[in-house]
file target-v1.cif (mmCIF, C-alpha atoms)
data_protein
loop_
_atom_site.group_PDB
_atom_site.id
_atom_site.type_symbol
_atom_site.label_atom_id
_atom_site.label_comp_id
_atom_site.auth_asym_id
_atom_site.auth_seq_id
_atom_site.Cartn_x
_atom_site.Cartn_y
_atom_site.Cartn_z
ATOM 1 C CA MET A 1 105.305 112.245 101.043
ATOM 2 C CA ARG A 2 105.789 113.440 97.478
ATOM 3 C CA GLN A 3 102.960 115.458 95.933
ATOM 4 C CA HIS A 4 101.726 115.719 92.329
ATOM 5 C CA PRO A 5 99.209 117.945 90.542
ATOM 6 C CA PHE A 6 96.028 115.949 89.985
ATOM 7 C CA GLY A 7 95.785 116.362 86.233
ATOM 8 C CA ARG A 8 93.947 119.498 85.136
ATOM 9 C CA THR A 9 92.222 120.027 88.497
ATOM 10 C CA ALA A 10 93.170 122.449 91.243
ATOM 11 C CA PHE A 11 94.188 119.610 93.574
ATOM 12 C CA THR A 12 97.665 118.450 94.512
ATOM 13 C CA VAL A 13 97.789 114.909 95.895
ATOM 14 C CA SER A 14 100.271 112.541 97.515
ATOM 15 C CA ASP A 15 101.700 109.816 95.295
ATOM 16 C CA ILE A 16 100.467 107.198 97.775
ATOM 17 C CA GLY A 17 96.754 107.502 98.457
ATOM 18 C CA PHE A 18 94.287 105.469 100.503
ATOM 19 C CA GLY A 19 91.956 102.966 98.872
ATOM 20 C CA ALA A 20 88.872 102.624 101.065
ATOM 21 C CA TRP A 21 87.327 99.430 99.644
ATOM 22 C CA GLN A 22 88.680 97.325 102.501
ATOM 23 C CA ILE A 23 87.092 99.502 105.179
ATOM 24 C CA GLY A 24 83.748 99.148 103.398
ATOM 25 C CA GLY A 25 83.445 95.434 102.807
ATOM 26 C CA SER A 26 84.228 92.368 100.647
ATOM 27 C CA TRP A 27 87.595 91.825 102.366
ATOM 28 C CA GLY A 28 86.518 89.695 105.297
ATOM 29 C CA ASP A 29 86.037 91.157 108.766
ATOM 30 C CA VAL A 30 87.488 94.663 109.003
ATOM 31 C CA SER A 31 86.011 96.428 112.015
ATOM 32 C CA GLU A 32 85.020 100.091 111.927
ATOM 33 C CA GLU A 33 87.641 100.726 114.599
ATOM 34 C CA ASP A 34 90.366 99.200 112.444
ATOM 35 C CA GLY A 35 89.050 101.068 109.406
ATOM 36 C CA ARG A 36 89.205 104.388 111.220
ATOM 37 C CA GLY A 37 92.656 103.543 112.526
ATOM 38 C CA ALA A 38 93.916 102.716 109.035
ATOM 39 C CA LEU A 39 92.569 105.944 107.549
ATOM 40 C CA ASN A 40 93.922 108.073 110.383
ATOM 41 C CA ALA A 41 97.346 106.452 110.073
ATOM 42 C CA ALA A 42 97.407 107.127 106.333
ATOM 43 C CA LEU A 43 96.439 110.776 106.838
ATOM 44 C CA ASP A 44 99.019 111.141 109.628
ATOM 45 C CA ALA A 45 101.645 109.844 107.184
ATOM 46 C CA GLY A 46 100.828 112.604 104.708
ATOM 47 C CA VAL A 47 98.263 110.944 102.431
ATOM 48 C CA THR A 48 96.114 113.588 100.725
ATOM 49 C CA PHE A 49 93.993 111.428 98.408
ATOM 50 C CA VAL A 50 91.241 109.029 99.497
ATOM 51 C CA ASP A 51 89.294 106.832 97.089
ATOM 52 C CA THR A 52 85.970 105.216 97.907
ATOM 53 C CA ALA A 53 82.667 104.226 96.256
ATOM 54 C CA ASP A 54 79.008 104.315 97.143
ATOM 55 C CA VAL A 55 78.790 100.514 97.046
ATOM 56 C CA TYR A 56 81.681 99.834 99.431
ATOM 57 C CA GLY A 57 79.728 98.410 102.323
ATOM 58 C CA ASP A 58 76.567 100.056 100.946
ATOM 59 C CA GLY A 59 77.864 103.467 102.031
ATOM 60 C CA ARG A 60 79.832 102.304 105.085
ATOM 61 C CA SER A 61 83.166 103.358 103.598
ATOM 62 C CA GLU A 62 81.920 106.854 102.706
ATOM 63 C CA LYS A 63 80.441 107.330 106.173
ATOM 64 C CA ILE A 64 83.638 106.248 107.952
ATOM 65 C CA ILE A 65 85.610 108.717 105.822
ATOM 66 C CA ALA A 66 83.148 111.496 106.666
ATOM 67 C CA ASP A 67 83.376 110.790 110.401
ATOM 68 C CA VAL A 68 87.179 110.622 110.436
ATOM 69 C CA LEU A 69 87.606 113.843 108.456
ATOM 70 C CA LYS A 70 85.071 115.681 110.605
ATOM 71 C CA ALA A 71 86.832 114.571 113.784
ATOM 72 C CA ARG A 72 90.259 115.581 112.456
ATOM 73 C CA GLY A 73 89.275 118.995 111.127
ATOM 74 C CA GLY A 74 91.842 121.102 109.320
ATOM 75 C CA THR A 75 92.751 120.767 105.654
ATOM 76 C CA ARG A 76 90.796 118.015 103.954
ATOM 77 C CA PRO A 77 92.351 115.499 101.562
ATOM 78 C CA MET A 78 90.890 115.098 98.096
ATOM 79 C CA VAL A 79 88.114 112.494 98.326
ATOM 80 C CA ALA A 80 87.062 110.607 95.209
ATOM 81 C CA THR A 81 83.996 108.402 95.089
ATOM 82 C CA LYS A 82 82.293 106.350 92.383
ATOM 83 C CA ALA A 83 78.800 105.897 91.000
ATOM 84 C CA GLY A 84 76.951 103.382 88.865
ATOM 85 C CA ARG A 85 77.343 100.036 90.583
ATOM 86 C CA ARG A 86 74.195 100.523 92.611
ATOM 87 C CA LEU A 87 72.269 99.825 89.415
ATOM 88 C CA ASN A 88 70.506 96.476 89.417
ATOM 89 C CA PRO A 89 70.820 95.239 86.787
ATOM 90 C CA HIS A 90 74.086 97.011 86.036
ATOM 91 C CA VAL A 91 73.392 97.927 82.408
ATOM 92 C CA ALA A 92 74.164 100.903 80.177
ATOM 93 C CA ASP A 93 70.508 101.979 80.051
ATOM 94 C CA GLY A 94 70.699 102.695 83.785
ATOM 95 C CA TYR A 95 73.313 105.416 83.316
ATOM 96 C CA THR A 96 70.733 108.195 83.070
ATOM 97 C CA LYS A 97 71.027 111.713 84.421
ATOM 98 C CA THR A 98 68.290 110.958 86.950
ATOM 99 C CA ASN A 99 70.037 107.875 88.291
ATOM 100 C CA LEU A 100 73.470 109.491 88.348
ATOM 101 C CA GLU A 101 72.116 112.509 90.209
ATOM 102 C CA GLY A 102 70.484 110.186 92.726
ATOM 103 C CA PHE A 103 73.777 108.406 93.338
ATOM 104 C CA VAL A 104 75.595 111.729 93.670
ATOM 105 C CA ASP A 105 73.033 113.034 96.148
ATOM 106 C CA ARG A 106 73.423 109.904 98.265
ATOM 107 C CA SER A 107 77.220 110.251 98.300
ATOM 108 C CA LEU A 108 76.955 113.931 99.191
ATOM 109 C CA LYS A 109 74.920 112.924 102.229
ATOM 110 C CA ASN A 110 77.194 110.007 103.166
ATOM 111 C CA LEU A 111 80.335 112.120 102.908
ATOM 112 C CA GLY A 112 78.765 115.152 104.572
ATOM 113 C CA VAL A 113 79.817 117.638 101.915
ATOM 114 C CA GLU A 114 78.141 120.092 99.570
ATOM 115 C CA VAL A 115 80.325 119.243 96.551
ATOM 116 C CA LEU A 116 81.995 115.939 95.674
ATOM 117 C CA ASP A 117 85.647 116.511 94.745
ATOM 118 C CA LEU A 118 85.635 113.773 92.114
ATOM 119 C CA VAL A 119 82.981 111.333 90.918
ATOM 120 C CA GLN A 120 84.065 108.359 88.822
ATOM 121 C CA LEU A 121 81.825 106.143 86.754
ATOM 122 C CA HIS A 122 82.364 102.783 88.412
ATOM 123 C CA CYS A 123 83.562 100.358 85.722
ATOM 124 C CA PRO A 124 80.515 100.963 83.528
ATOM 125 C CA PRO A 125 79.388 98.572 80.786
ATOM 126 C CA PRO A 126 81.369 99.069 77.542
ATOM 127 C CA GLU A 127 78.345 100.581 75.766
ATOM 128 C CA VAL A 128 78.462 103.594 78.116
ATOM 129 C CA TYR A 129 81.646 104.820 76.419
ATOM 130 C CA TYR A 130 79.625 105.253 73.227
ATOM 131 C CA ARG A 131 76.882 107.319 74.866
ATOM 132 C CA PRO A 132 77.905 110.984 74.995
ATOM 133 C CA GLU A 133 74.681 111.782 76.829
ATOM 134 C CA VAL A 134 76.123 110.044 79.930
ATOM 135 C CA PHE A 135 79.085 112.393 79.995
ATOM 136 C CA ALA A 136 76.804 115.333 79.230
ATOM 137 C CA ALA A 137 74.845 114.410 82.365
ATOM 138 C CA LEU A 138 78.081 114.598 84.366
ATOM 139 C CA ASP A 139 78.781 118.000 82.824
ATOM 140 C CA ASP A 140 75.345 119.105 84.026
ATOM 141 C CA LEU A 141 76.043 117.860 87.561
ATOM 142 C CA LYS A 142 79.303 119.779 87.538
ATOM 143 C CA GLN A 143 77.525 122.889 86.298
ATOM 144 C CA ALA A 144 74.959 122.474 89.060
ATOM 145 C CA GLY A 145 77.753 122.519 91.633
ATOM 146 C CA LYS A 146 77.198 119.002 92.946
ATOM 147 C CA ILE A 147 80.507 117.618 91.663
ATOM 148 C CA GLY A 148 83.827 119.334 91.206
ATOM 149 C CA ASP A 149 85.141 117.044 88.481
ATOM 150 C CA TYR A 150 84.547 113.603 87.045
ATOM 151 C CA GLY A 151 86.525 110.650 85.791
ATOM 152 C CA VAL A 152 86.076 106.972 84.991
ATOM 153 C CA SER A 153 87.223 103.792 86.705
ATOM 154 C CA VAL A 154 87.851 101.280 83.924
ATOM 155 C CA GLU A 155 88.528 97.584 83.499
ATOM 156 C CA LYS A 156 90.324 97.663 80.150
ATOM 157 C CA VAL A 157 92.969 99.778 78.429
ATOM 158 C CA GLU A 158 90.641 100.268 75.459
ATOM 159 C CA GLU A 159 87.968 101.696 77.773
ATOM 160 C CA ALA A 160 90.497 104.119 79.235
ATOM 161 C CA LEU A 161 91.462 105.363 75.777
ATOM 162 C CA LYS A 162 87.802 105.800 74.827
ATOM 163 C CA ALA A 163 87.007 107.618 78.067
ATOM 164 C CA ILE A 164 89.708 110.250 77.708
ATOM 165 C CA ALA A 165 88.290 111.166 74.298
ATOM 166 C CA PHE A 166 85.569 112.964 76.298
ATOM 167 C CA PRO A 167 86.986 116.394 77.206
ATOM 168 C CA GLY A 168 85.382 116.517 80.643
ATOM 169 C CA VAL A 169 87.130 113.365 81.890
ATOM 170 C CA VAL A 170 89.959 114.538 84.175
ATOM 171 C CA SER A 171 91.027 111.162 85.584
ATOM 172 C CA ILE A 172 91.179 107.458 84.873
ATOM 173 C CA GLN A 173 91.380 104.768 87.510
ATOM 174 C CA ILE A 174 92.946 101.583 86.213
ATOM 175 C CA ILE A 175 94.663 98.422 87.437
ATOM 176 C CA TYR A 176 98.436 98.620 87.055
ATOM 177 C CA ASN A 177 101.005 96.606 88.949
ATOM 178 C CA ILE A 178 103.880 94.180 88.406
ATOM 179 C CA PHE A 179 101.269 91.630 87.287
ATOM 180 C CA ARG A 180 99.288 94.039 85.049
ATOM 181 C CA GLN A 181 101.731 96.027 82.913
ATOM 182 C CA ARG A 182 99.789 96.694 79.702
ATOM 183 C CA PRO A 183 98.601 100.240 80.607
ATOM 184 C CA ALA A 184 102.196 101.418 80.202
ATOM 185 C CA ASP A 185 102.292 100.317 76.547
ATOM 186 C CA LEU A 186 100.077 103.097 75.169
ATOM 187 C CA PHE A 187 97.497 104.447 77.586
ATOM 188 C CA PHE A 188 99.945 106.178 79.930
ATOM 189 C CA GLN A 189 101.441 108.124 77.020
ATOM 190 C CA GLU A 190 97.999 109.359 75.982
ATOM 191 C CA ALA A 191 96.989 110.224 79.537
ATOM 192 C CA LYS A 192 100.154 112.247 80.013
ATOM 193 C CA ARG A 193 99.664 114.003 76.681
ATOM 194 C CA LYS A 194 96.130 115.042 77.674
ATOM 195 C CA ASP A 195 97.088 115.865 81.270
ATOM 196 C CA VAL A 196 94.694 113.230 82.604
ATOM 197 C CA ALA A 197 95.337 112.076 86.167
ATOM 198 C CA VAL A 198 96.015 108.350 86.542
ATOM 199 C CA ILE A 199 94.774 106.608 89.696
ATOM 200 C CA VAL A 200 96.245 103.121 90.086
ATOM 201 C CA ARG A 201 94.109 100.571 91.903
ATOM 202 C CA VAL A 202 94.753 96.916 92.884
ATOM 203 C CA PRO A 203 98.460 97.794 93.197
ATOM 204 C CA LEU A 204 99.258 94.725 95.284
ATOM 205 C CA ALA A 205 97.163 92.285 93.220
ATOM 206 C CA SER A 206 94.722 91.769 96.106
ATOM 207 C CA GLY A 207 97.585 91.106 98.501
ATOM 208 C CA LEU A 208 99.581 88.672 96.367
ATOM 209 C CA LEU A 209 102.333 91.250 95.918
ATOM 210 C CA SER A 210 102.549 91.801 99.659
ATOM 211 C CA GLY A 211 104.387 88.478 99.751
ATOM 212 C CA LYS A 212 102.365 87.369 102.762
ATOM 213 C CA ILE A 213 99.880 85.078 101.023
ATOM 214 C CA THR A 214 100.678 81.379 100.637
ATOM 215 C CA GLY A 215 98.896 78.396 99.168
ATOM 216 C CA ALA A 216 97.577 77.642 102.649
ATOM 217 C CA THR A 217 96.067 81.092 103.242
ATOM 218 C CA GLN A 218 92.359 80.927 104.021
ATOM 219 C CA PHE A 219 89.995 83.727 102.998
ATOM 220 C CA ALA A 220 86.666 84.463 104.697
ATOM 221 C CA ALA A 221 83.426 83.643 102.895
ATOM 222 C CA ASP A 222 82.695 87.372 102.404
ATOM 223 C CA ASP A 223 86.198 88.110 101.048
ATOM 224 C CA HIS A 224 86.235 88.575 97.263
ATOM 225 C CA ARG A 225 89.488 86.583 97.150
ATOM 226 C CA ASN A 226 87.259 83.649 98.031
ATOM 227 C CA PHE A 227 83.933 84.330 96.308
ATOM 228 C CA ASN A 228 85.265 86.018 93.141
ATOM 229 C CA ARG A 229 88.282 83.808 92.477
ATOM 230 C CA HIS A 230 86.935 82.980 89.008
ATOM 231 C CA GLY A 231 84.877 86.105 88.360
ATOM 232 C CA GLU A 232 81.655 84.822 89.872
ATOM 233 C CA ALA A 233 80.556 88.231 91.263
ATOM 234 C CA PHE A 234 82.378 90.845 89.144
ATOM 235 C CA ASP A 235 85.295 91.124 86.745
ATOM 236 C CA VAL A 236 87.899 88.524 87.682
ATOM 237 C CA GLY A 237 90.609 91.080 86.961
ATOM 238 C CA GLU A 238 89.737 92.782 90.262
ATOM 239 C CA THR A 239 90.765 89.674 92.218
ATOM 240 C CA PHE A 240 94.487 88.830 92.231
ATOM 241 C CA ALA A 241 94.668 91.104 89.132
ATOM 242 C CA GLY A 242 93.166 88.232 87.134
ATOM 243 C CA VAL A 243 96.237 86.032 87.603
ATOM 244 C CA PRO A 244 95.600 82.351 88.411
ATOM 245 C CA PHE A 245 96.356 81.954 92.099
ATOM 246 C CA GLU A 246 99.087 79.327 91.891
ATOM 247 C CA THR A 247 100.770 81.127 88.988
ATOM 248 C CA GLY A 248 100.764 84.321 91.008
ATOM 249 C CA LEU A 249 102.375 82.609 93.985
ATOM 250 C CA ALA A 250 105.173 81.257 91.768
ATOM 251 C CA ALA A 251 105.803 84.700 90.292
ATOM 252 C CA VAL A 252 105.839 86.268 93.757
ATOM 253 C CA GLU A 253 108.785 84.064 94.721
ATOM 254 C CA GLU A 254 110.750 85.418 91.763
ATOM 255 C CA ILE A 255 109.807 89.001 92.585
ATOM 256 C CA ARG A 256 110.733 88.511 96.239
ATOM 257 C CA ARG A 257 114.380 88.160 95.264
ATOM 258 C CA LEU A 258 114.328 91.684 93.809
ATOM 259 C CA VAL A 259 113.201 93.449 96.997
ATOM 260 C CA PRO A 260 115.965 95.660 98.452
ATOM 261 C CA HIS A 261 117.267 94.742 101.893
ATOM 262 C CA GLY A 262 115.172 96.269 104.642
ATOM 263 C CA ALA A 263 112.146 96.981 102.449
ATOM 264 C CA SER A 264 108.824 95.154 102.551
ATOM 265 C CA MET A 265 107.622 93.480 99.408
ATOM 266 C CA ALA A 266 104.452 95.596 99.501
ATOM 267 C CA ALA A 267 106.435 98.840 99.596
ATOM 268 C CA PHE A 268 108.624 97.537 96.783
ATOM 269 C CA ALA A 269 105.596 96.728 94.631
ATOM 270 C CA LEU A 270 104.183 100.219 95.221
ATOM 271 C CA ARG A 271 107.533 101.853 94.429
ATOM 272 C CA TRP A 272 107.662 99.855 91.176
ATOM 273 C CA ILE A 273 104.384 101.508 90.135
ATOM 274 C CA LEU A 274 105.665 104.974 91.001
ATOM 275 C CA MET A 275 108.618 104.480 88.670
ATOM 276 C CA ASN A 276 106.250 105.401 85.834
ATOM 277 C CA GLU A 277 105.903 109.181 85.775
ATOM 278 C CA ALA A 278 102.447 108.976 84.188
ATOM 279 C CA VAL A 279 101.071 107.652 87.497
ATOM 280 C CA THR A 280 99.497 110.370 89.627
ATOM 281 C CA VAL A 281 98.496 108.402 92.728
ATOM 282 C CA VAL A 282 98.442 104.773 93.852
ATOM 283 C CA ILE A 283 95.606 103.676 96.156
ATOM 284 C CA PRO A 284 96.533 100.597 98.185
ATOM 285 C CA GLY A 285 93.998 99.487 100.726
ATOM 286 C CA ALA A 286 94.742 98.769 104.375
ATOM 287 C CA ARG A 287 93.008 96.694 107.011
ATOM 288 C CA ASN A 288 94.712 98.448 109.922
ATOM 289 C CA ALA A 289 97.043 101.292 110.866
ATOM 290 C CA GLU A 290 100.205 99.212 110.494
ATOM 291 C CA GLN A 291 99.402 98.357 106.882
ATOM 292 C CA ALA A 292 98.550 101.985 106.116
ATOM 293 C CA ARG A 293 101.885 103.199 107.498
ATOM 294 C CA GLY A 294 103.728 100.508 105.546
ATOM 295 C CA ASN A 295 102.030 101.565 102.317
ATOM 296 C CA ALA A 296 102.893 105.213 102.894
ATOM 297 C CA SER A 297 106.570 104.342 103.368
ATOM 298 C CA ALA A 298 106.835 103.445 99.666
ATOM 299 C CA SER A 299 106.860 107.147 98.820
ATOM 300 C CA ASP A 300 110.239 107.507 100.547
ATOM 301 C CA MET A 301 111.927 104.527 98.901
ATOM 302 C CA ALA A 302 114.817 105.142 96.537
ATOM 303 C CA ALA A 303 114.221 104.680 92.810
ATOM 304 C CA LEU A 304 114.577 101.104 91.593
ATOM 305 C CA SER A 305 117.516 100.238 89.359
ATOM 306 C CA ASP A 306 117.223 99.440 85.663
ATOM 307 C CA ASP A 307 118.325 95.873 86.427
ATOM 308 C CA ILE A 308 115.512 95.386 88.916
ATOM 309 C CA MET A 309 112.944 96.843 86.532
ATOM 310 C CA THR A 310 114.181 94.558 83.744
ATOM 311 C CA ALA A 311 114.027 91.503 85.980
ATOM 312 C CA ALA A 312 110.472 92.311 87.055
ATOM 313 C CA ARG A 313 109.455 92.669 83.414
ATOM 314 C CA ASP A 314 111.049 89.322 82.598
ATOM 315 C CA THR A 315 108.990 87.570 85.278
ATOM 316 C CA TYR A 316 105.884 89.247 83.928
ATOM 317 C CA ASP A 317 106.620 88.297 80.324
ATOM 318 C CA ARG A 318 107.312 84.638 81.132
ATOM 319 C CA LEU A 319 104.766 83.800 83.819
ATOM 320 C CA ILE A 320 102.026 86.416 83.902
ATOM 321 C CA ALA A 321 101.499 88.065 80.510
ATOM 322 C CA PRO A 322 100.054 84.949 78.798
ATOM 323 C CA HIS A 323 97.178 85.027 81.319
ATOM 324 C CA VAL A 324 96.396 88.750 81.459
ATOM 325 C CA HIS A 325 98.091 90.971 78.888
ATOM 326 C CA GLN A 326 95.497 90.854 76.113
ATOM 327 C CA ARG A 327 92.486 90.435 78.390
ATOM 328 C CA TRP A 328 92.588 93.886 79.968
#
call {"tool": "encode", "arguments": {"input": "target-v1.cif", "output": "structure tokens"}}
result
Amino acid sequence: MRQHPFGRTAFTVSDIGFGAWQIGGSWGDVSEEDGRGALNAALDAGVTFVDTADVYGDGRSEKIIADVLKARGGTRPMVATKAGRRLNPHVADGYTKTNLEGFVDRSLKNLGVEVLDLVQLHCPPPEVYYRPEVFAALDDLKQAGKIGDYGVSVEKVEEALKAIAFPGVVSIQIIYNIFRQRPADLFFQEAKRKDVAVIVRVPLASGLLSGKITGATQFAADDHRNFNRHGEAFDVGETFAGVPFETGLAAVEEIRRLVPHGASMAAFALRWILMNEAVTVVIPGARNAEQARGNASASDMAALSDDIMTAARDTYDRLIAPHVHQRW
């Protein structure tokens, strides 16, 4: 597993990480046993970065991570969590020092640690990026020794650019995949220039880019690919990367032809992301150990050819970009 410095921090992380949303909730029935198995398989494969959030299963994801790491012992991976989405309503006025400290304290307890490696604002309302007092509160929490560093998980490229204007922001989490290519136009250059770590989420477009979903696939009632298909619960860009379902399926068939012999489409899609050197770590989720091992294998894939990269961009430009490029 290849390793990269995590921006300006002291951490070095694997280029394939573990996204722990699935083992928390909103992805149908994923048992705790399967969740533990997936995380253990990822760590066994050399993963050294785990991403979670306080709202994933109302703390379930954080607690599973804590239990697995305690049982394993030894050198811990870097664990990133998020804060802010517990606010109800989720509005900028809720991003106070008091509330943020409360969220941090809860995550400290859930994860069983004295200091959180990385806390990310969890896709905050746009107004938050114009409130320096929010970032000052994070500076205070860092000074108090409760958090090691902080970053922001964003929805839009413009939010990412605004966030890295704050000097304390060491990382940005953003959606980037074959179906969401706009971050590479400008943001990645700026992140690299400022030595900001880039965490890529939704790398498989909620499973579309695994190549295993068809028009007949049924999703459970508590799976966001069912209940958030049109953005009913949160930003629609988090579900199938914002691509209309049928359009995504058509594009997948074009992409499938580009996958090298012997490779899975999921591993191919992850390797495509890693072709951009601005990317620090990709955080695919996994429902079970087999998926986690398959994700990790992308780190060992050979670089993709210029012809393949050009063909993937052509599919994006023709089928996908009109739906997503200017929205996020």
call {"tool": "resolve_selection", "arguments": {"input": "target-v1.cif", "expression": "the PyMOL selection byres ((chain A and resi 272) around 9)", "output": "PyMOL selection string"}}
result
chain A and resi 177-178+267-271+273-276+303-304+309
call {"tool": "closest_residue", "arguments": {"input": "target-v1.cif", "among": "A:Ala66, A:Leu204, A:Ala311, A:Val47", "to": "Ser107 (chain A)", "atoms": "only C-alpha atoms"}}
result
A:Ala66
call {"tool": "resolve_selection", "arguments": {"input": "target-v1.cif", "expression": "the PyMOL selection byres ((chain A and resi 295) around 8)", "output": "ChimeraX atom specification"}}
result
/A:16,266-267,270,284,291-294,296-298
call {"tool": "atom_distance", "arguments": {"input": "target-v1.cif", "atom1": "CA of Thr81 (chain A)", "atom2": "CA of Leu141 (chain A)"}}
result
14.5 Å
call {"tool": "residues_around", "arguments": {"input": "target-v1.cif", "residues": "region 4-9 of chain A", "least_positions_apart": "4", "cutoff": "9 Å", "atoms": "all atoms listed in the file", "output": "list of chain:residue names"}}
result
A:Val13, A:Ser14, A:Asp15, A:Gly148, A:Asp149, A:Val170, A:Ser171, A:Lys192, A:Lys194, A:Asp195, A:Val196, A:Ala197, A:Val198, A:Thr280, A:Val281
call {"tool": "write_last_selection", "arguments": {"input": "target-v1.cif", "atoms": "C-alpha atoms", "output": "tab-separated table (two decimals), keeping the file's coordinate frame"}}
result
chain	number	residue	atom	x	y	z
A	13	VAL	CA	97.79	114.91	95.90
A	14	SER	CA	100.27	112.54	97.52
A	15	ASP	CA	101.70	109.82	95.30
A	148	GLY	CA	83.83	119.33	91.21
A	149	ASP	CA	85.14	117.04	88.48
A	170	VAL	CA	89.96	114.54	84.18
A	171	SER	CA	91.03	111.16	85.58
A	192	LYS	CA	100.15	112.25	80.01
A	194	LYS	CA	96.13	115.04	77.67
A	195	ASP	CA	97.09	115.86	81.27
A	196	VAL	CA	94.69	113.23	82.60
A	197	ALA	CA	95.34	112.08	86.17
A	198	VAL	CA	96.02	108.35	86.54
A	280	THR	CA	99.50	110.37	89.63
A	281	VAL	CA	98.50	108.40	92.73
call {"tool": "atom_distance", "arguments": {"input": "target-v1.cif", "atom1": "CA of Val324 (chain A)", "atom2": "CA of Phe179 (chain A)"}}
result
8.1 Å
call {"tool": "atom_distance", "arguments": {"input": "target-v1.cif", "atom1": "CA of Ala80 (chain A)", "atom2": "CA of Lys63 (chain A)"}}
result
13.2 Å
call {"tool": "closest_residue", "arguments": {"input": "target-v1.cif", "among": "A:Val154, A:Val169, A:Ala41, A:Cys123", "to": "Asp139 (chain A)", "atoms": "only C-alpha atoms"}}
result
A:Val169
call {"tool": "closest_residue", "arguments": {"input": "target-v1.cif", "among": "A:Val55, A:Val157, A:Ile175, A:Met265", "to": "Leu209 (chain A)", "atoms": "all atoms listed in the file"}}
result
A:Met265
call {"tool": "closest_atom_pairs", "arguments": {"input": "target-v1.cif", "of": "region 7-84 of chain A", "to": "region 91-100 of chain A", "cutoff": "12 Å", "atoms": "only C-alpha atoms", "output": "tab-separated table"}}
result
residue	atom	partner	partner_atom	distance
A:Asp54	CA	A:Leu100	CA	11.6
A:Lys82	CA	A:Leu100	CA	10.2
A:Ala83	CA	A:Leu100	CA	7.0
A:Gly84	CA	A:Tyr95	CA	6.9
call {"tool": "axis_aligned_box", "arguments": {"input": "target-v1.cif", "around": "region 124-134 of chain A", "padding_each_side": "6 Å", "output": "AutoDock Vina command-line options"}}
result
--center_x 78.2 --center_y 105.2 --center_z 78.4 --size_x 19.0 --size_y 25.2 --size_z 22.3
call {"tool": "resolve_selection", "arguments": {"input": "target-v1.cif", "expression": "the PyMOL selection byres ((chain A and resi 228) around 12)", "output": "PyMOL selection string"}}
result
chain A and resi 26-27+206+219-227+229-242+244-245
call {"tool": "residues_around", "arguments": {"input": "target-v1.cif", "residues": "Leu258 (chain A)", "least_positions_apart": "4", "cutoff": "8 Å", "atoms": "only C-alpha atoms", "output": "list in words"}}
result
Glu254, Ile308, Ala311 and Ala312 of chain A
call {"tool": "closest_residue", "arguments": {"input": "target-v1.cif", "among": "A:Ala216, A:Ala184, A:Ala263, A:Leu43", "to": "His325 (chain A)", "atoms": "all atoms listed in the file"}}
result
A:Ala184
call {"tool": "decode", "arguments": {"input": "target-v1.cif", "residues": "region 210-221 of chain A", "atoms": "N, CA and C atoms", "output": "tab-separated table (two decimals), in the first residue's frame"}}
result
chain	number	residue	atom	x	y	z
A	210	SER	N	-18.99	0.71	-9.33
A	210	SER	CA	-18.57	-0.67	-9.07
A	210	SER	C	-18.95	-1.56	-10.24
A	211	GLY	N	-19.91	-1.08	-11.05
A	211	GLY	CA	-20.38	-1.86	-12.19
A	211	GLY	C	-21.35	-2.96	-11.83
A	212	LYS	N	-21.75	-3.02	-10.56
A	212	LYS	CA	-22.61	-4.11	-10.11
A	212	LYS	C	-24.08	-3.71	-9.98
A	213	ILE	N	-24.37	-2.44	-10.14
A	213	ILE	CA	-25.75	-1.97	-10.03
A	213	ILE	C	-26.41	-1.96	-11.40
A	214	THR	N	-27.63	-2.42	-11.47
A	214	THR	CA	-28.40	-2.41	-12.72
A	214	THR	C	-29.71	-1.67	-12.50
A	215	GLY	N	-30.47	-1.51	-13.56
A	215	GLY	CA	-31.76	-0.85	-13.44
A	215	GLY	C	-32.73	-1.63	-12.57
A	216	ALA	N	-32.46	-2.90	-12.35
A	216	ALA	CA	-33.35	-3.74	-11.55
A	216	ALA	C	-32.92	-3.81	-10.09
A	217	THR	N	-31.80	-3.21	-9.74
A	217	THR	CA	-31.31	-3.27	-8.36
A	217	THR	C	-32.28	-2.60	-7.41
A	218	GLN	N	-32.59	-3.27	-6.32
A	218	GLN	CA	-33.49	-2.74	-5.31
A	218	GLN	C	-32.67	-2.28	-4.10
A	219	PHE	N	-33.02	-1.11	-3.57
A	219	PHE	CA	-32.33	-0.58	-2.40
A	219	PHE	C	-33.29	-0.54	-1.22
A	220	ALA	N	-32.79	-0.87	-0.03
A	220	ALA	CA	-33.62	-0.90	1.17
A	220	ALA	C	-34.19	0.49	1.47
A	221	ALA	N	-35.26	0.51	2.24
A	221	ALA	CA	-35.92	1.78	2.57
A	221	ALA	C	-34.98	2.72	3.32
